[in-house]
Every structure is written in C-alpha cells, then in structure tokens.
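> One file is attached below, my_file02.pdb, containing PDB, C-alpha atoms.
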ATOM      1  CA  MET A   1     -91.676  72.466 -41.063
ATOM      2  CA  PRO A   2     -87.933  72.934 -41.820
ATOM      3  CA  PRO A   3     -85.458  72.179 -39.012
ATOM      4  CA  LYS A   4     -84.090  75.131 -37.085
ATOM      5  CA  PRO A   5     -80.831  76.439 -38.580
ATOM      6  CA  HIS A   6     -78.752  75.743 -35.467
ATOM      7  CA  ARG A   7     -79.907  72.092 -35.531
ATOM      8  CA  VAL A   8     -78.650  71.745 -39.077
ATOM      9  CA  LEU A   9     -75.318  73.171 -37.997
ATOM     10  CA  LEU A  10     -75.108  70.891 -34.943
ATOM     11  CA  GLU A  11     -75.924  67.867 -37.034
ATOM     12  CA  ARG A  12     -73.239  68.789 -39.510
ATOM     13  CA  VAL A  13     -70.637  69.200 -36.793
ATOM     14  CA  SER A  14     -71.530  65.869 -35.217
ATOM     15  CA  VAL A  15     -71.270  64.128 -38.592
ATOM     16  CA  TYR A  16     -67.758  65.527 -39.016
ATOM     17  CA  ALA A  17     -66.871  64.456 -35.462
ATOM     18  CA  ASP A  18     -68.142  60.930 -36.172
ATOM     19  CA  GLU A  19     -66.061  60.792 -39.325
ATOM     20  CA  ALA A  20     -62.968  61.961 -37.449
ATOM     21  CA  ALA A  21     -63.531  59.412 -34.681
ATOM     22  CA  ALA A  22     -63.927  56.620 -37.224
ATOM     23  CA  PHE A  23     -60.729  57.707 -38.974
ATOM     24  CA  MET A  24     -58.813  57.638 -35.677
ATOM     25  CA  ARG A  25     -60.208  54.174 -34.858
ATOM     26  CA  ARG A  26     -59.156  52.820 -38.235
ATOM     27  CA  ARG A  27     -55.740  54.416 -37.828
ATOM     28  CA  ARG A  28     -55.223  52.783 -34.440
ATOM     29  CA  VAL A  29     -56.267  49.374 -35.683
ATOM     30  CA  ALA A  30     -54.215  49.515 -38.867
ATOM     31  CA  ARG A  31     -51.071  51.051 -37.476
ATOM     32  CA  ARG A  32     -48.092  48.759 -37.072
ATOM     33  CA  PRO A  33     -44.815  49.518 -35.267
ATOM     34  CA  PHE A  34     -42.363  51.427 -37.418
ATOM     35  CA  ALA A  35     -39.022  53.193 -37.278
ATOM     36  CA  ARG A  36     -38.561  56.354 -39.298
ATOM     37  CA  LEU A  37     -35.393  58.396 -39.634
ATOM     38  CA  TYR A  38     -35.375  61.999 -40.806
ATOM     39  CA  TYR A  39     -32.341  63.467 -42.509
ATOM     40  CA  PRO A  40     -31.430  67.053 -43.388
ATOM     41  CA  HIS A  41     -33.258  68.580 -46.364
ATOM     42  CA  GLY A  42     -36.495  66.825 -45.499
ATOM     43  CA  ARG A  43     -35.555  63.323 -46.566
ATOM     44  CA  SER A  44     -36.896  60.465 -44.448
ATOM     45  CA  ALA A  45     -36.468  56.700 -44.526
ATOM     46  CA  ASP A  46     -38.514  53.910 -42.998
ATOM     47  CA  HIS A  47     -36.822  50.840 -41.588
ATOM     48  CA  ALA A  48     -38.849  47.666 -41.319
ATOM     49  CA  GLN A  49     -38.866  45.848 -38.021
ATOM     50  CA  ASP A  50     -37.415  42.726 -39.633
ATOM     51  CA  SER A  51     -34.452  44.535 -41.212
ATOM     52  CA  ARG A  52     -31.154  44.625 -39.342
ATOM     53  CA  SER A  53     -31.154  48.403 -38.802
ATOM     54  CA  GLY A  54     -34.860  48.358 -37.944
ATOM     55  CA  ALA A  55     -34.366  45.662 -35.315
ATOM     56  CA  GLU A  56     -31.484  47.617 -33.760
ATOM     57  CA  LEU A  57     -33.590  50.781 -33.677
ATOM     58  CA  PHE A  58     -36.393  48.928 -31.904
ATOM     59  CA  VAL A  59     -33.988  47.521 -29.315
ATOM     60  CA  ALA A  60     -32.515  50.984 -28.646
ATOM     61  CA  ALA A  61     -35.994  52.528 -28.446
ATOM     62  CA  GLY A  62     -37.098  49.781 -26.067
ATOM     63  CA  ARG A  63     -34.315  50.715 -23.662
ATOM     64  CA  LEU A  64     -35.424  54.354 -23.691
ATOM     65  CA  ILE A  65     -39.027  53.333 -23.024
ATOM     66  CA  GLU A  66     -37.718  51.366 -20.070
ATOM     67  CA  VAL A  67     -35.855  54.427 -18.762
ATOM     68  CA  ALA A  68     -38.971  56.591 -19.091
ATOM     69  CA  GLY A  69     -40.927  54.045 -17.089
ATOM     70  CA  LYS A  70     -44.627  54.113 -16.657
ATOM     71  CA  ARG A  71     -46.725  57.173 -17.169
ATOM     72  CA  GLN A  72     -46.271  59.552 -14.249
ATOM     73  CA  LYS A  73     -48.848  62.176 -15.086
ATOM     74  CA  GLY A  74     -52.423  61.836 -13.955
TER      75      GLY A  74
ATOM     76  CA  MET B   1     -36.636  59.491 -62.304
ATOM     77  CA  THR B   2     -33.997  61.933 -63.571
ATOM     78  CA  THR B   3     -35.414  64.673 -61.362
ATOM     79  CA  VAL B   4     -35.168  62.408 -58.320
ATOM     80  CA  MET B   5     -31.557  61.582 -59.129
ATOM     81  CA  ILE B   6     -30.690  65.262 -59.493
ATOM     82  CA  GLN B   7     -32.354  66.067 -56.170
ATOM     83  CA  GLU B   8     -30.423  63.264 -54.478
ATOM     84  CA  ALA B   9     -27.154  64.424 -56.004
ATOM     85  CA  ARG B  10     -27.820  68.010 -54.927
ATOM     86  CA  ALA B  11     -28.632  66.836 -51.414
ATOM     87  CA  ARG B  12     -25.311  64.969 -51.241
ATOM     88  CA  VAL B  13     -23.367  68.018 -52.373
ATOM     89  CA  THR B  14     -25.089  70.480 -50.053
ATOM     90  CA  VAL B  15     -24.829  68.327 -46.924
ATOM     91  CA  GLY B  16     -21.300  69.550 -46.315
ATOM     92  CA  SER B  17     -22.137  73.224 -46.600
ATOM     93  CA  PHE B  18     -25.251  72.994 -44.443
ATOM     94  CA  SER B  19     -23.382  71.204 -41.684
ATOM     95  CA  GLN B  20     -21.140  74.276 -41.480
ATOM     96  CA  MET B  21     -24.073  76.569 -40.717
ATOM     97  CA  PRO B  22     -24.199  78.214 -37.282
ATOM     98  CA  ASP B  23     -27.359  76.273 -36.506
ATOM     99  CA  ALA B  24     -25.368  73.049 -36.399
ATOM    100  CA  ALA B  25     -23.637  74.034 -33.176
ATOM    101  CA  ALA B  26     -25.000  75.475 -29.974
ATOM    102  CA  ALA B  27     -24.164  79.150 -29.531
ATOM    103  CA  THR B  28     -23.824  78.520 -25.800
ATOM    104  CA  VAL B  29     -24.084  75.415 -23.701
ATOM    105  CA  PRO B  30     -27.192  75.969 -21.604
ATOM    106  CA  SER B  31     -27.040  75.639 -17.842
ATOM    107  CA  GLU B  32     -28.676  72.679 -16.141
ATOM    108  CA  GLU B  33     -31.234  75.043 -14.606
ATOM    109  CA  SER B  34     -32.346  76.373 -17.962
ATOM    110  CA  ALA B  35     -32.414  72.847 -19.398
ATOM    111  CA  GLU B  36     -34.585  71.704 -16.510
ATOM    112  CA  ALA B  37     -36.941  74.646 -17.012
ATOM    113  CA  ALA B  38     -37.187  73.847 -20.716
ATOM    114  CA  LEU B  39     -37.828  70.181 -19.966
ATOM    115  CA  GLU B  40     -40.532  71.094 -17.487
ATOM    116  CA  PHE B  41     -42.178  73.315 -20.077
ATOM    117  CA  LEU B  42     -41.984  70.553 -22.702
ATOM    118  CA  THR B  43     -43.564  68.126 -20.239
ATOM    119  CA  GLU B  44     -46.388  70.558 -19.516
ATOM    120  CA  MET B  45     -47.032  71.125 -23.203
ATOM    121  CA  SER B  46     -47.222  67.455 -24.132
ATOM    122  CA  PRO B  47     -49.974  65.492 -22.391
ATOM    123  CA  ASP B  48     -48.804  62.185 -23.928
ATOM    124  CA  LEU B  49     -45.279  62.490 -22.608
ATOM    125  CA  ARG B  50     -43.988  59.779 -20.252
ATOM    126  CA  GLY B  51     -40.402  60.898 -19.910
ATOM    127  CA  ALA B  52     -37.807  63.056 -21.601
ATOM    128  CA  ALA B  53     -34.261  64.309 -21.467
ATOM    129  CA  ILE B  54     -32.190  67.109 -22.914
ATOM    130  CA  LEU B  55     -28.611  66.327 -23.818
ATOM    131  CA  GLY B  56     -25.685  68.679 -24.254
ATOM    132  CA  PRO B  57     -23.277  68.848 -27.194
ATOM    133  CA  GLY B  58     -21.141  66.037 -25.759
ATOM    134  CA  GLY B  59     -24.119  63.803 -25.048
ATOM    135  CA  GLU B  60     -24.160  64.666 -21.348
ATOM    136  CA  VAL B  61     -27.573  64.781 -19.674
ATOM    137  CA  LEU B  62     -28.474  68.396 -18.914
ATOM    138  CA  ALA B  63     -31.929  67.479 -17.651
ATOM    139  CA  GLY B  64     -33.904  64.281 -17.486
ATOM    140  CA  THR B  65     -37.029  62.874 -15.923
ATOM    141  CA  GLY B  66     -37.318  59.744 -13.830
ATOM    142  CA  GLU B  67     -35.289  58.177 -11.081
ATOM    143  CA  GLU B  68     -32.184  57.513 -13.158
ATOM    144  CA  PRO B  69     -31.764  60.557 -15.409
ATOM    145  CA  GLU B  70     -28.154  59.634 -16.226
ATOM    146  CA  ARG B  71     -29.383  56.530 -18.086
ATOM    147  CA  TRP B  72     -30.928  58.759 -20.746
ATOM    148  CA  GLY B  73     -27.442  59.729 -21.911
ATOM    149  CA  GLU B  74     -26.140  56.270 -22.744
ATOM    150  CA  ASP B  75     -29.403  54.958 -24.186
ATOM    151  CA  ALA B  76     -29.946  58.064 -26.330
ATOM    152  CA  ALA B  77     -26.356  57.792 -27.564
ATOM    153  CA  ALA B  78     -27.035  54.171 -28.515
ATOM    154  CA  LEU B  79     -30.178  55.181 -30.408
ATOM    155  CA  PHE B  80     -28.383  57.941 -32.324
ATOM    156  CA  ALA B  81     -25.472  55.601 -33.083
ATOM    157  CA  VAL B  82     -27.809  52.996 -34.565
ATOM    158  CA  ALA B  83     -29.756  55.668 -36.471
ATOM    159  CA  ASP B  84     -26.601  57.263 -37.883
ATOM    160  CA  GLY B  85     -25.292  53.856 -38.883
ATOM    161  CA  ALA B  86     -28.473  52.845 -40.699
ATOM    162  CA  GLU B  87     -27.549  54.765 -43.843
ATOM    163  CA  GLY B  88     -24.131  56.032 -42.861
ATOM    164  CA  ALA B  89     -25.373  59.622 -42.496
ATOM    165  CA  PRO B  90     -26.208  61.652 -39.398
ATOM    166  CA  VAL B  91     -29.927  61.837 -38.715
ATOM    167  CA  GLU B  92     -31.803  64.936 -37.635
ATOM    168  CA  GLN B  93     -34.829  63.230 -36.096
ATOM    169  CA  VAL B  94     -35.775  59.707 -35.083
ATOM    170  CA  HIS B  95     -39.277  58.362 -34.545
ATOM    171  CA  VAL B  96     -39.762  54.785 -33.433
ATOM    172  CA  ALA B  97     -43.319  53.646 -32.746
ATOM    173  CA  THR B  98     -43.591  50.403 -30.794
ATOM    174  CA  GLU B  99     -46.425  48.591 -29.071
ATOM    175  CA  GLN B 100     -45.154  49.882 -25.731
ATOM    176  CA  GLY B 101     -44.855  53.534 -26.641
ATOM    177  CA  GLU B 102     -43.229  55.958 -29.034
ATOM    178  CA  VAL B 103     -39.711  57.333 -28.955
ATOM    179  CA  PHE B 104     -38.723  60.653 -30.502
ATOM    180  CA  ALA B 105     -35.189  61.970 -30.715
ATOM    181  CA  VAL B 106     -34.205  65.310 -32.200
ATOM    182  CA  ARG B 107     -30.879  67.012 -32.782
ATOM    183  CA  ASN B 108     -30.947  70.753 -33.161
ATOM    184  CA  ALA B 109     -28.537  73.597 -32.597
ATOM    185  CA  GLY B 110     -25.885  71.273 -31.202
ATOM    186  CA  LEU B 111     -28.203  69.883 -28.525
ATOM    187  CA  ALA B 112     -30.409  66.802 -28.473
ATOM    188  CA  ALA B 113     -33.770  65.962 -26.946
ATOM    189  CA  VAL B 114     -35.253  62.521 -26.417
ATOM    190  CA  THR B 115     -38.841  61.863 -25.421
ATOM    191  CA  VAL B 116     -40.962  58.807 -24.778
ATOM    192  CA  THR B 117     -44.713  59.145 -25.204
ATOM    193  CA  ASP B 118     -47.801  56.994 -25.110
ATOM    194  CA  ARG B 119     -48.813  55.323 -28.354
ATOM    195  CA  PHE B 120     -50.410  57.431 -31.085
ATOM    196  CA  ALA B 121     -48.926  60.726 -29.942
ATOM    197  CA  LEU B 122     -49.074  63.334 -32.687
ATOM    198  CA  ALA B 123     -45.602  63.040 -34.146
ATOM    199  CA  SER B 124     -45.414  66.335 -35.997
ATOM    200  CA  LEU B 125     -46.429  68.347 -32.929
ATOM    201  CA  MET B 126     -44.068  66.435 -30.688
ATOM    202  CA  LEU B 127     -41.136  66.952 -33.041
ATOM    203  CA  PHE B 128     -42.016  70.623 -33.497
ATOM    204  CA  ASP B 129     -42.114  71.192 -29.728
ATOM    205  CA  MET B 130     -38.812  69.406 -29.241
ATOM    206  CA  ARG B 131     -37.125  71.378 -32.015
ATOM    207  CA  SER B 132     -38.378  74.730 -30.777
ATOM    208  CA  THR B 133     -37.387  73.869 -27.194
ATOM    209  CA  LEU B 134     -33.831  73.060 -28.284
ATOM    210  CA  ARG B 135     -33.592  76.127 -30.502
ATOM    211  CA  GLN B 136     -34.731  78.358 -27.680
ATOM    212  CA  LEU B 137     -32.402  76.676 -25.229
ATOM    213  CA  ALA B 138     -29.413  77.134 -27.505
ATOM    214  CA  SER B 139     -30.016  80.832 -28.078
ATOM    215  CA  PRO B 140     -27.602  82.938 -26.017
ATOM    216  CA  ASN B 141     -30.320  84.978 -24.315
ATOM    217  CA  SER B 142     -32.600  82.059 -23.433
ATOM    218  CA  GLY B 143     -31.768  81.736 -19.746
ATOM    219  CA  GLY B 144     -34.165  78.813 -19.531
ATOM    220  CA  SER B 145     -37.244  80.811 -20.307
ATOM    221  CA  GLU B 146     -40.263  79.431 -22.096
ATOM    222  CA  PRO B 147     -39.740  78.854 -25.823
ATOM    223  CA  SER B 148     -41.185  81.732 -27.809
ATOM    224  CA  GLU B 149     -42.097  79.586 -30.814
ATOM    225  CA  SER B 150     -44.423  77.408 -28.826
ATOM    226  CA  ARG B 151     -47.983  76.144 -28.976
ATOM    227  CA  LYS B 152     -48.814  77.611 -25.588
ATOM    228  CA  GLY B 153     -51.621  79.675 -26.989
ATOM    229  CA  ASP B 154     -53.265  76.563 -28.438
ATOM    230  CA  GLY B 155     -54.281  75.086 -25.099
TER     231      GLY B 155
END
Just dump the structure as structure tokens.


Amino acid sequence: MPPKPHRVLLERVSVYADEAAAFMRRRRVARRPFARLYYPHGRSADHAQDSRSGAELFVAAGRLIEVAGKRQKG
Amino acid sequence: MTTVMIQEARARVTVGSFSQMPDAAAATVPSEESAEAALEFLTEMSPDLRGAAILGPGGEVLAGTGEEPERWGEDAAALFAVADGAEGAPVEQVHVATEQGEVFAVRNAGLAAVTVTDRFALASLMLFDMRSTLRQLASPNSGGSEPSESRKGDG
C-alpha cells in the first residue's frame, strides 16, 4: 500500500529541516572569528586576527561588547 | 585580471562623486526622542541584539542602551577610526565576529548605528535593519516613527 500523500510531504519537509540543521551545526563548528569591512560600491575586505589592523579591530570590538554587557532580553 | 583592474580604477574615480550625494549627509539631525524610538524598534526587531546605539553626525550618542550610554560614542569612534585606517578609506559597514559576540557598525545618511549581538546573528538582516533604521531616522518627516522599509511583517 503506498504511503499517504501528506506523509510523503511531511517526510520531505523533515529531511530538508535535518539538512538545514546539519548545515547550521557545521557552520557553527567551522566558523572562526573574523573582521570584515565593507566599502562603498559593494567592495569588502577581510582582516585576519593576526594582522595589525585585524588585531586593532578586535580590540575595538571587544570594548563595544563590554559596553553592551550581558544579554538583557529574556 | 584586466576587468578587475578597470573596476578598481572606476571605483577610485567615482568615490569622490558619490561622497557628494545627498545620502552622505543627514537631511536633519534627528531628535533624541526619535532616535530612542528607532533604537527601541531596532531592539524589538532583532532577537539576538544585546545592546545598540545611534550616533549623530558629530559622533554624539543620540540613543544608547545600557547603564553607560555615553561610552558607546567613544568606543564606536575608536572602531570607525581603526576601520577607516585599515585601508585608508572610509568604511560603510563593519562586522567583527568574536568568540564573545558580534559587533556591527553602519554609517548611513550622515548617522551611525552600532550594535552588539550574540554569536551567529544573521549579518545581512542585521545590517539591513540598521541601514533602514538610519535612513528612516534621517528623513525629514521621520519624527521617530517606525522604519517603513522594515521586516516587521516577517515576524
């Protein structure tokens, strides 16, 4: 007996959701800190953490994170 | 390679003319009330947001979250100074992702917005919201109302 059509659809949706969840997990694991600057006309530039400008950007960002403090929303 | 060089050369030439566009400067300096309303709306729209501030054309804090809102001004100025100095050109947007959180800074319409979010916030949405908030705030008839180009309908 063939499966009911809505079950096929549900299964398909859950497969896509599993794929998306796995992608997000991989992204979280693989992602390293970075600093990216965006210029006019769509140009962007990455600055490595060990470069001079990158290190300065991380220090400045760290101060802002300090100002923001811990998460206030529930 | 040649195409890339031409694009880079064209970008260098057009920087000057684009910086003269009306969008580069705020039409009006928004009141602190309207800036606070815009900040509140931005905070509501962004579930990952930990803190944020909106800065005026001179870098003054128009609205900021937290116990020491005035600190946003000097620390945001330091971030923009470092970012501008990285390649010797003024930046439009900054995104720094650290282990402790993510920092976004946007300049638009003569104003600036700085936000700090949890890790893995969706950068494109965050930057879009910040840009549209600033654009709305800088428009002469804003009065601190909710940005029209928003994602409010999404939620």

> Pick the closest to chain B from A:Arg36, A:Arg43, A:Arg52, A:Lys4: which is it, counting all atoms listed in the file?

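Closest candidate: A:Arg36.
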
> Which of these residues is nearest to chain B, using all atoms listed in the file: A:Ser51, A:Leu37, A:Phe23, A:Ala30?

A:Leu37

> Could you work out which residues of chain B fall inside 6 Å of chain A? Count all atoms listed in the file, and format the result as a list in words.

Arg50, Gly51, Leu79, Ala86, Val91, Glu92, Gln93, Val94, His95, Val96, Ala97 and Thr98 of chain B

> Using only C-alpha atoms, which of B:Arg119, B:Asp129, B:Ser31, B:Asp75 sits nearest B:Glu44?

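When distances to B:Glu44 are compared using only C-alpha atoms, the smallest one comes from B:Asp129.
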
> Take the PyMOL selection byres ((chain B and resi 118) around 7), run it mentally on this structure, and tell me the resulting residues as a list of chain:residue names.

B:Asp48, B:Leu49, B:Arg50, B:Gly101, B:Glu102, B:Thr117, B:Arg119, B:Phe120, B:Ala121
